[in-house]
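Input: a single structure, listed below in structure tokens.
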Amino acid sequence: MDMNKLFYAMVFISLISCTYEKESKINTSAERWSEEKVWEWYNNYDWLIGTNFNPSTAINQLEFWQEETFDIETIDRELGWSASLGMNIHRVYLHNLLWEQDSTGFLVRLKAYLTIADKYNIKTMFVLLDDVWHPVPASGKQPVPIPHVHNSGWVQAPGAEILGDSTRHDELKGYIKGVIDHFANDERVICWDLYNEPDNVADQKGRAVLEVSNKQIYSLALLKKVFRWAREINPSQPLTTGIWRGEVKFWGVPDSLPALDRYMLEHSDVISFHAYDRDTEVVKQKISVLKKYGRPLMCTEYLARSRQNLFTNMLPILKEQKIAAINWGLVSGKTNTIYPWSSWRENFTSEPEMWHHDIFRQDGTPFSKDEVAFIKQMTDNK
């Protein structure tokens with residue numbers, strides 16, 4: 001029996017028995033967590049540091065998780081490299097089409113992933129929906145990467161067809177509630193990120209015409225339902241959706257924010273945010289403003305070397321204030337995220353001298369030995 005089949009057999013037995021899950025001692029109501037409760041949760045952990053993880057052999061969430069392309073060996077190898085840096089959390093994207101395609105098999109593969117991550121003492125934050133990149137996802141064989149183009153194959157979840165038709169939003173209820181319910185008391189899952197960058201739009205050539213008109217209206221309507229469905233499950237882990245856009249000075253003034261952004265901040269248990277800013281003073285302002293909400297902070301996306309957003313200037317800020325630090329990308333691969341966002345407009349013909357995201361090459365050698373040494377220094381994993 002090969003490694004994949006053996007692993008699936010072991011995890012399937014675990015899935016059926018459900019012996020891993022433990023009853024929560026924290027969450028006792030189906031409402032937004034109080035400040036006291038969320039701080040009790042957060043203080044159970046040391047400083048959280050990790051990556052947004054997608055295996056190098058997958059171009060997107062679908063290729064990551066579909067049975068034909070679920071690559072246990074690569075996942076195991078690359079999570080080992082993450083652990084070697086002292087990382088202890090991964091943010092990991094899922095997709096509703098995976099549930100529609102094969103909900104049982106999907107759960108088996110999620111448990112397989114969690115088993116590997118747990119072996120390396122890495123907690124997981126699952127991301128359930130995403131408004132970024134291609135608005136027309138499709139199950140099955142995924143496209144090959146466009147050479148030298150950042151995230152050419154990443155797909156939105158649920159995509160424009162469902163998002164732009166509010167009468168179809170309830171089609172996602174089984175997926176949202178099914179996944180959360182299955183792992184609601186699984187200590188390997190640390191948090192639920194319900195919806196990545198709602199109301200972000202695909203403005204790349206050929207994609208803008210496929211986007212939803214008045215997207216903010218539909219994204220907010222869906223987000224409200226997703227929060228309600230998640231609260232009905234009442235998981236032992238907190239819920240969040242990260243603020244990512246707009247002028248920082250308005251982040252601390254809810255009435256000045258778009259309704260969607262205000263809803264995210266006022267309904268998340270833990271406040272999460274993205275910080276790809278060129279100026280670290282802006283990052284410090286974000287932190288200062290968001291602290292006013294009285295909740296733990298998690299920076300769930302950062303690292304844009306081409307904007308001088310670096311490990312060396314971001315990690316000291318985040319560690320000093322015990323803010324979770326989750327950069328984008330671990331191993332360079334089919335997502336091509338070593339290339340900057342501008343690669344959709346500029347013509348790249350070879351690897352950029354300065355990688356935009358990611359840390360390792362596929363053979364395990366780092367983009368920068370000095371950078372890896374710095375991360376290990378920050379995690380006390382020398």
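Letters for chains follow the order of the structure tokens (A, B, ...), residue numbers begin at 1 for each chain, and ligand numbers begin at 1 in the order shown.
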
Near Val179 of chain A, counting only C-alpha atoms, which residues have an atom at most 10 Å away, once you skip same-chain residues fewer than 2 positions from it, shown as a PyMOL selection string? chain A and resi 94+96+99+103+106-107+110+126+128+174-177+181-184+230

List every residue of segment 27-261 of chain A that DSSP, applied to the backbone of this structure, assigns to strand (DSSP E or B), and report them as number ranges by chain. A: 49-52, 89-93, 123-130, 134, 155, 157, 189-196, 239-240, 243

Under the rule that only C-alpha atoms are counted, which of A:Ala325, A:Val270, A:Ile217, A:Val289 is the nearest residue to Gly252 of chain A? A:Val289

From A:Ile243, A:Leu114, A:Ile49, A:Ile72, residue lying nearest Leu257 of chain A [only C-alpha atoms]: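 Once distances to Leu257 of chain A are computed over only C-alpha atoms, the minimum belongs to A:Ile243.
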
Quick one: residues within 8 Å of segment 149-157 of chain A, only C-alpha atoms, excluding same-chain residues fewer than 5 positions away - as a PyMOL selection string? chain A and resi 59-61+95-96+128-137+142-144+335-341+343-344+348

DSSP alpha helix (DSSP H) residues within segment 117-307 of chain A, listed as an mmCIF file with N, CA and C atoms, in the first residue's frame:
data_model
loop_
_atom_site.group_PDB
_atom_site.id
_atom_site.type_symbol
_atom_site.label_atom_id
_atom_site.label_comp_id
_atom_site.auth_asym_id
_atom_site.auth_seq_id
_atom_site.Cartn_x
_atom_site.Cartn_y
_atom_site.Cartn_z
ATOM 1 N N ALA A 117 -0.270 18.418 10.265
ATOM 2 C CA ALA A 117 0.056 19.688 10.926
ATOM 3 C C ALA A 117 0.264 19.484 12.418
ATOM 4 N N ASP A 118 -0.580 18.658 13.025
ATOM 5 C CA ASP A 118 -0.460 18.408 14.454
ATOM 6 C C ASP A 118 0.850 17.703 14.792
ATOM 7 N N LYS A 119 1.326 16.868 13.889
ATOM 8 C CA LYS A 119 2.610 16.200 14.094
ATOM 9 C C LYS A 119 3.727 17.217 14.276
ATOM 10 N N ALA A 160 -18.799 34.289 -8.679
ATOM 11 C CA ALA A 160 -19.805 35.283 -9.056
ATOM 12 C C ALA A 160 -21.198 34.701 -9.261
ATOM 13 N N GLU A 161 -21.283 33.484 -9.773
ATOM 14 C CA GLU A 161 -22.590 32.924 -10.103
ATOM 15 C C GLU A 161 -23.483 32.805 -8.877
ATOM 16 N N ILE A 162 -22.911 32.356 -7.764
ATOM 17 C CA ILE A 162 -23.690 32.236 -6.535
ATOM 18 C C ILE A 162 -23.706 33.545 -5.768
ATOM 19 N N LEU A 163 -22.553 34.194 -5.644
ATOM 20 C CA LEU A 163 -22.493 35.428 -4.865
ATOM 21 C C LEU A 163 -23.451 36.478 -5.393
ATOM 22 N N LYS A 173 -25.006 26.974 2.895
ATOM 23 C CA LYS A 173 -25.262 26.684 4.305
ATOM 24 C C LYS A 173 -24.726 25.321 4.716
ATOM 25 N N GLY A 174 -24.956 24.308 3.904
ATOM 26 C CA GLY A 174 -24.483 22.965 4.244
ATOM 27 C C GLY A 174 -22.975 22.902 4.350
ATOM 28 N N TYR A 175 -22.292 23.601 3.455
ATOM 29 C CA TYR A 175 -20.819 23.640 3.482
ATOM 30 C C TYR A 175 -20.308 24.330 4.740
ATOM 31 N N ILE A 176 -20.793 25.523 4.998
ATOM 32 C CA ILE A 176 -20.319 26.301 6.148
ATOM 33 C C ILE A 176 -20.583 25.553 7.448
ATOM 34 N N LYS A 177 -21.818 25.113 7.632
ATOM 35 C CA LYS A 177 -22.176 24.462 8.881
ATOM 36 C C LYS A 177 -21.562 23.066 8.983
ATOM 37 N N GLY A 178 -21.460 22.373 7.845
ATOM 38 C CA GLY A 178 -20.912 21.029 7.861
ATOM 39 C C GLY A 178 -19.456 20.984 8.257
ATOM 40 N N VAL A 179 -18.644 21.872 7.683
ATOM 41 C CA VAL A 179 -17.219 21.894 8.000
ATOM 42 C C VAL A 179 -16.994 22.369 9.436
ATOM 43 N N ILE A 180 -17.635 23.472 9.811
ATOM 44 C CA ILE A 180 -17.437 23.992 11.167
ATOM 45 C C ILE A 180 -17.909 22.979 12.204
ATOM 46 N N ASP A 181 -19.061 22.369 11.960
ATOM 47 C CA ASP A 181 -19.599 21.419 12.930
ATOM 48 C C ASP A 181 -18.654 20.228 13.119
ATOM 49 N N HIS A 182 -18.060 19.771 12.036
ATOM 50 C CA HIS A 182 -17.207 18.586 12.140
ATOM 51 C C HIS A 182 -15.960 18.855 12.979
ATOM 52 N N LYS A 215 -20.829 44.577 -5.813
ATOM 53 C CA LYS A 215 -20.409 43.395 -5.072
ATOM 54 C C LYS A 215 -20.533 43.559 -3.575
ATOM 55 N N GLN A 216 -20.294 44.778 -3.068
ATOM 56 C CA GLN A 216 -20.327 44.980 -1.621
ATOM 57 C C GLN A 216 -21.682 44.631 -1.026
ATOM 58 N N ILE A 217 -22.744 44.825 -1.792
ATOM 59 C CA ILE A 217 -24.090 44.516 -1.302
ATOM 60 C C ILE A 217 -24.245 43.007 -1.104
ATOM 61 N N TYR A 218 -23.797 42.253 -2.087
ATOM 62 C CA TYR A 218 -23.946 40.803 -2.031
ATOM 63 C C TYR A 218 -22.970 40.182 -1.034
ATOM 64 N N SER A 219 -21.759 40.715 -0.971
ATOM 65 C CA SER A 219 -20.781 40.169 -0.025
ATOM 66 C C SER A 219 -21.238 40.384 1.414
ATOM 67 N N LEU A 220 -21.802 41.548 1.705
ATOM 68 C CA LEU A 220 -22.301 41.817 3.056
ATOM 69 C C LEU A 220 -23.478 40.906 3.387
ATOM 70 N N ALA A 221 -24.388 40.740 2.440
ATOM 71 C CA ALA A 221 -25.543 39.871 2.677
ATOM 72 C C ALA A 221 -25.091 38.442 2.970
ATOM 73 N N LEU A 222 -24.113 37.971 2.208
ATOM 74 C CA LEU A 222 -23.610 36.615 2.427
ATOM 75 C C LEU A 222 -22.850 36.527 3.742
ATOM 76 N N LEU A 223 -22.021 37.519 4.038
ATOM 77 C CA LEU A 223 -21.244 37.500 5.274
ATOM 78 C C LEU A 223 -22.153 37.417 6.495
ATOM 79 N N LYS A 224 -23.248 38.145 6.476
ATOM 80 C CA LYS A 224 -24.185 38.103 7.604
ATOM 81 C C LYS A 224 -24.739 36.691 7.798
ATOM 82 N N LYS A 225 -25.055 36.039 6.706
ATOM 83 C CA LYS A 225 -25.567 34.674 6.809
ATOM 84 C C LYS A 225 -24.491 33.724 7.326
ATOM 85 N N VAL A 226 -23.281 33.893 6.842
ATOM 86 C CA VAL A 226 -22.196 32.992 7.243
ATOM 87 C C VAL A 226 -21.930 33.127 8.740
ATOM 88 N N PHE A 227 -21.904 34.347 9.248
ATOM 89 C CA PHE A 227 -21.745 34.534 10.693
ATOM 90 C C PHE A 227 -22.887 33.868 11.454
ATOM 91 N N ARG A 228 -24.095 34.025 10.968
ATOM 92 C CA ARG A 228 -25.236 33.422 11.664
ATOM 93 C C ARG A 228 -25.138 31.900 11.660
ATOM 94 N N TRP A 229 -24.805 31.319 10.522
ATOM 95 C CA TRP A 229 -24.677 29.858 10.447
ATOM 96 C C TRP A 229 -23.577 29.357 11.386
ATOM 97 N N ALA A 230 -22.465 30.096 11.424
ATOM 98 C CA ALA A 230 -21.361 29.688 12.296
ATOM 99 C C ALA A 230 -21.763 29.791 13.765
ATOM 100 N N ARG A 231 -22.472 30.850 14.130
ATOM 101 C CA ARG A 231 -22.910 31.013 15.521
ATOM 102 C C ARG A 231 -23.889 29.901 15.915
ATOM 103 N N GLU A 232 -24.682 29.439 14.967
ATOM 104 C CA GLU A 232 -25.621 28.358 15.258
ATOM 105 C C GLU A 232 -24.877 27.069 15.606
ATOM 106 N N ILE A 233 -23.715 26.875 15.005
ATOM 107 C CA ILE A 233 -22.894 25.710 15.341
ATOM 108 C C ILE A 233 -22.235 25.913 16.701
ATOM 109 N N VAL A 248 -6.606 54.056 7.235
ATOM 110 C CA VAL A 248 -6.458 53.585 8.604
ATOM 111 C C VAL A 248 -7.200 54.484 9.591
ATOM 112 N N LYS A 249 -7.226 55.781 9.335
ATOM 113 C CA LYS A 249 -7.840 56.700 10.298
ATOM 114 C C LYS A 249 -9.314 56.408 10.511
ATOM 115 N N PHE A 250 -9.944 55.712 9.554
ATOM 116 C CA PHE A 250 -11.354 55.390 9.698
ATOM 117 C C PHE A 250 -11.588 54.026 10.355
ATOM 118 N N TRP A 251 -10.548 53.207 10.475
ATOM 119 C CA TRP A 251 -10.729 51.871 11.022
ATOM 120 C C TRP A 251 -11.266 51.898 12.452
ATOM 121 N N ALA A 259 -20.518 49.772 5.350
ATOM 122 C CA ALA A 259 -21.286 48.851 6.190
ATOM 123 C C ALA A 259 -20.622 47.486 6.296
ATOM 124 N N LEU A 260 -20.020 47.017 5.214
ATOM 125 C CA LEU A 260 -19.367 45.708 5.215
ATOM 126 C C LEU A 260 -18.192 45.682 6.177
ATOM 127 N N ASP A 261 -17.338 46.689 6.115
ATOM 128 C CA ASP A 261 -16.164 46.745 6.974
ATOM 129 C C ASP A 261 -16.567 46.890 8.443
ATOM 130 N N ARG A 262 -17.587 47.697 8.679
ATOM 131 C CA ARG A 262 -18.072 47.880 10.049
ATOM 132 C C ARG A 262 -18.616 46.560 10.605
ATOM 133 N N TYR A 263 -19.324 45.830 9.777
ATOM 134 C CA TYR A 263 -19.890 44.557 10.225
ATOM 135 C C TYR A 263 -18.775 43.577 10.610
ATOM 136 N N MET A 264 -17.705 43.531 9.818
ATOM 137 C CA MET A 264 -16.587 42.630 10.125
ATOM 138 C C MET A 264 -16.010 42.929 11.502
ATOM 139 N N LEU A 265 -15.752 44.196 11.772
ATOM 140 C CA LEU A 265 -15.136 44.581 13.034
ATOM 141 C C LEU A 265 -16.060 44.366 14.229
ATOM 142 N N GLU A 266 -17.349 44.576 14.027
ATOM 143 C CA GLU A 266 -18.289 44.506 15.145
ATOM 144 C C GLU A 266 -18.797 43.097 15.430
ATOM 145 N N HIS A 267 -18.464 42.129 14.557
ATOM 146 C CA HIS A 267 -18.967 40.773 14.760
ATOM 147 C C HIS A 267 -17.863 39.724 14.906
ATOM 148 N N THR A 280 6.022 51.049 7.561
ATOM 149 C CA THR A 280 5.698 50.361 8.815
ATOM 150 C C THR A 280 5.009 51.286 9.814
ATOM 151 N N GLU A 281 5.126 52.595 9.641
ATOM 152 C CA GLU A 281 4.384 53.509 10.506
ATOM 153 C C GLU A 281 2.884 53.335 10.304
ATOM 154 N N VAL A 282 2.483 52.999 9.066
ATOM 155 C CA VAL A 282 1.066 52.737 8.803
ATOM 156 C C VAL A 282 0.639 51.468 9.526
ATOM 157 N N VAL A 283 1.505 50.470 9.527
ATOM 158 C CA VAL A 283 1.205 49.229 10.250
ATOM 159 C C VAL A 283 1.006 49.526 11.735
ATOM 160 N N LYS A 284 1.874 50.340 12.291
ATOM 161 C CA LYS A 284 1.747 50.702 13.707
ATOM 162 C C LYS A 284 0.445 51.458 13.960
ATOM 163 N N GLN A 285 0.044 52.304 13.011
ATOM 164 C CA GLN A 285 -1.227 53.017 13.154
ATOM 165 C C GLN A 285 -2.402 52.042 13.131
ATOM 166 N N LYS A 286 -2.335 51.055 12.238
ATOM 167 C CA LYS A 286 -3.395 50.051 12.179
ATOM 168 C C LYS A 286 -3.549 49.356 13.527
ATOM 169 N N ILE A 287 -2.422 48.954 14.089
ATOM 170 C CA ILE A 287 -2.440 48.261 15.369
ATOM 171 C C ILE A 287 -3.028 49.152 16.463
ATOM 172 N N SER A 288 -2.574 50.400 16.496
ATOM 173 C CA SER A 288 -3.042 51.331 17.514
ATOM 174 C C SER A 288 -4.554 51.541 17.430
ATOM 175 N N VAL A 289 -5.054 51.693 16.212
ATOM 176 C CA VAL A 289 -6.481 51.919 16.018
ATOM 177 C C VAL A 289 -7.289 50.678 16.376
ATOM 178 N N LEU A 290 -6.822 49.511 15.931
ATOM 179 C CA LEU A 290 -7.576 48.279 16.160
ATOM 180 C C LEU A 290 -7.566 47.857 17.624
#

Need the shell around Ser82 of chain A: protein/DNA/RNA residues with any atom at most 12 Å away, counting only C-alpha atoms. Skip same-chain ones fewer than 2 positions apart. Format as number ranges by chain? A: 49-55, 75-80, 84-90, 117, 120-123, 326-327, 329-331, 358-360, 364, 366, 372, 375-376, 379, 381

Test item: residues at most 12 Å from Thr312 of chain A, only C-alpha atoms, excluding those fewer than 6 positions along its chain, as number ranges by chain: A: 280, 302-305, 318-319, 368, 370-378

Store the residues of this selection in a file with C-alpha atoms, as a CSV table (one decimal), in the first residue's frame.
chain,number,residue,atom,x,y,z
A,280,THR,CA,5.7,50.4,8.8
A,302,TYR,CA,1.7,40.5,5.3
A,303,LEU,CA,5.0,40.2,3.4
A,304,ALA,CA,5.3,42.0,0.2
A,305,ARG,CA,9.1,42.3,-0.4
A,318,LEU,CA,4.1,42.1,15.8
A,319,LYS,CA,6.1,40.1,18.3
A,368,SER,CA,17.3,34.2,1.7
A,370,ASP,CA,19.7,35.6,6.3
A,371,GLU,CA,15.9,35.9,6.3
A,372,VAL,CA,15.4,32.4,7.5
A,373,ALA,CA,18.0,32.9,10.3
A,374,PHE,CA,16.1,36.1,11.3
A,375,ILE,CA,12.8,34.2,11.5
A,376,LYS,CA,14.4,31.5,13.6
A,377,GLN,CA,15.8,34.2,15.9
A,378,MET,CA,12.4,35.7,16.3

Give me, as a PyMOL selection string, all polymer residues having an atom no more than 9 Å from segment 237-242 of chain A, counting only C-alpha atoms and skipping those fewer than 6 positions away in the same chain. chain A and resi 24+26-27+32-33+38+41+184-187+189-198+227+230-231+261+264-265+267-274+298-300

Produce a file of the selected residues containing N, CA and C atoms, as a compact mmCIF listing (two decimals), in the first residue's frame.
# COMPACT_ATOMS: atom_id res chain seq x y z
N SER A 24 -15.52 21.66 24.56
CA SER A 24 -14.96 22.97 24.88
C SER A 24 -15.30 23.38 26.31
N ILE A 26 -14.66 26.67 26.99
CA ILE A 26 -14.62 28.11 26.86
C ILE A 26 -15.95 28.66 26.36
N ASN A 27 -16.40 28.21 25.20
CA ASN A 27 -17.55 28.80 24.55
C ASN A 27 -18.84 28.20 25.08
N ARG A 32 -21.54 36.55 19.97
CA ARG A 32 -20.15 37.02 19.87
C ARG A 32 -19.47 36.85 21.23
N TRP A 33 -18.25 36.36 21.18
CA TRP A 33 -17.52 36.16 22.42
C TRP A 33 -17.30 37.49 23.13
N VAL A 38 -12.58 35.97 24.91
CA VAL A 38 -11.63 35.88 23.82
C VAL A 38 -10.20 36.08 24.31
N TRP A 41 -9.11 32.81 25.79
CA TRP A 41 -8.68 31.92 24.69
C TRP A 41 -7.29 32.29 24.20
N ALA A 184 -15.71 21.53 15.23
CA ALA A 184 -16.07 22.55 16.22
C ALA A 184 -15.37 22.38 17.55
N ASN A 185 -14.97 21.17 17.88
CA ASN A 185 -14.29 20.92 19.15
C ASN A 185 -12.92 20.28 18.94
N ASP A 186 -12.36 20.50 17.77
CA ASP A 186 -11.05 19.93 17.43
C ASP A 186 -9.97 20.94 17.81
N GLU A 187 -9.14 20.59 18.75
CA GLU A 187 -8.14 21.53 19.27
C GLU A 187 -7.04 21.85 18.25
N VAL A 189 -7.70 22.90 15.30
CA VAL A 189 -8.22 24.09 14.61
C VAL A 189 -8.30 25.22 15.63
N ILE A 190 -7.60 26.30 15.37
CA ILE A 190 -7.46 27.37 16.36
C ILE A 190 -8.47 28.49 16.16
N CYS A 191 -8.96 28.68 14.93
CA CYS A 191 -9.82 29.82 14.64
C CYS A 191 -10.48 29.59 13.28
N TRP A 192 -11.61 30.23 13.06
CA TRP A 192 -12.30 30.18 11.77
C TRP A 192 -12.27 31.58 11.13
N ASP A 193 -11.62 31.70 9.98
CA ASP A 193 -11.67 32.92 9.19
C ASP A 193 -12.77 32.71 8.16
N LEU A 194 -13.91 33.32 8.38
CA LEU A 194 -15.10 32.98 7.61
C LEU A 194 -15.05 33.45 6.16
N TYR A 195 -14.38 34.58 5.90
CA TYR A 195 -14.53 35.17 4.56
C TYR A 195 -13.32 36.07 4.31
N ASN A 196 -12.46 35.71 3.37
CA ASN A 196 -11.29 36.52 3.08
C ASN A 196 -11.62 37.68 2.15
N GLU A 197 -11.25 38.87 2.58
CA GLU A 197 -11.35 40.10 1.79
C GLU A 197 -12.68 40.23 1.04
N PRO A 198 -13.81 40.18 1.76
CA PRO A 198 -15.09 40.37 1.08
C PRO A 198 -15.13 41.71 0.36
N PHE A 227 -21.90 34.35 9.25
CA PHE A 227 -21.74 34.53 10.69
C PHE A 227 -22.89 33.87 11.45
N ALA A 230 -22.46 30.10 11.42
CA ALA A 230 -21.36 29.69 12.30
C ALA A 230 -21.76 29.79 13.76
N ARG A 231 -22.47 30.85 14.13
CA ARG A 231 -22.91 31.01 15.52
C ARG A 231 -23.89 29.90 15.91
N ASP A 261 -17.34 46.69 6.12
CA ASP A 261 -16.16 46.74 6.97
C ASP A 261 -16.57 46.89 8.44
N MET A 264 -17.70 43.53 9.82
CA MET A 264 -16.59 42.63 10.13
C MET A 264 -16.01 42.93 11.50
N LEU A 265 -15.75 44.20 11.77
CA LEU A 265 -15.14 44.58 13.03
C LEU A 265 -16.06 44.37 14.23
N HIS A 267 -18.46 42.13 14.56
CA HIS A 267 -18.97 40.77 14.76
C HIS A 267 -17.86 39.72 14.91
N SER A 268 -16.63 40.09 14.67
CA SER A 268 -15.53 39.15 14.84
C SER A 268 -15.20 39.00 16.32
N ASP A 269 -14.92 37.77 16.74
CA ASP A 269 -14.50 37.54 18.12
C ASP A 269 -13.10 38.07 18.34
N VAL A 270 -12.19 37.73 17.45
CA VAL A 270 -10.83 38.25 17.46
C VAL A 270 -10.67 39.13 16.23
N ILE A 271 -10.00 40.26 16.36
CA ILE A 271 -9.87 41.19 15.24
C ILE A 271 -8.67 40.78 14.38
N SER A 272 -8.93 40.52 13.10
CA SER A 272 -7.85 40.20 12.18
C SER A 272 -7.76 41.27 11.10
N PHE A 273 -6.56 41.41 10.54
CA PHE A 273 -6.34 42.46 9.57
C PHE A 273 -5.19 42.08 8.65
N HIS A 274 -5.09 42.76 7.50
CA HIS A 274 -4.01 42.56 6.55
C HIS A 274 -3.11 43.79 6.53
N MET A 298 -4.84 39.68 15.17
CA MET A 298 -4.13 38.72 14.35
C MET A 298 -3.90 39.34 12.98
N CYS A 299 -2.64 39.46 12.60
CA CYS A 299 -2.30 39.93 11.25
C CYS A 299 -2.25 38.69 10.36
N THR A 300 -3.29 38.50 9.56
CA THR A 300 -3.44 37.26 8.81
C THR A 300 -2.85 37.31 7.41

Quick one: distance from atom CA of Arg278 of chain A to atom CA of Asn200 of chain A in Å, one decimal? 19.8 Å
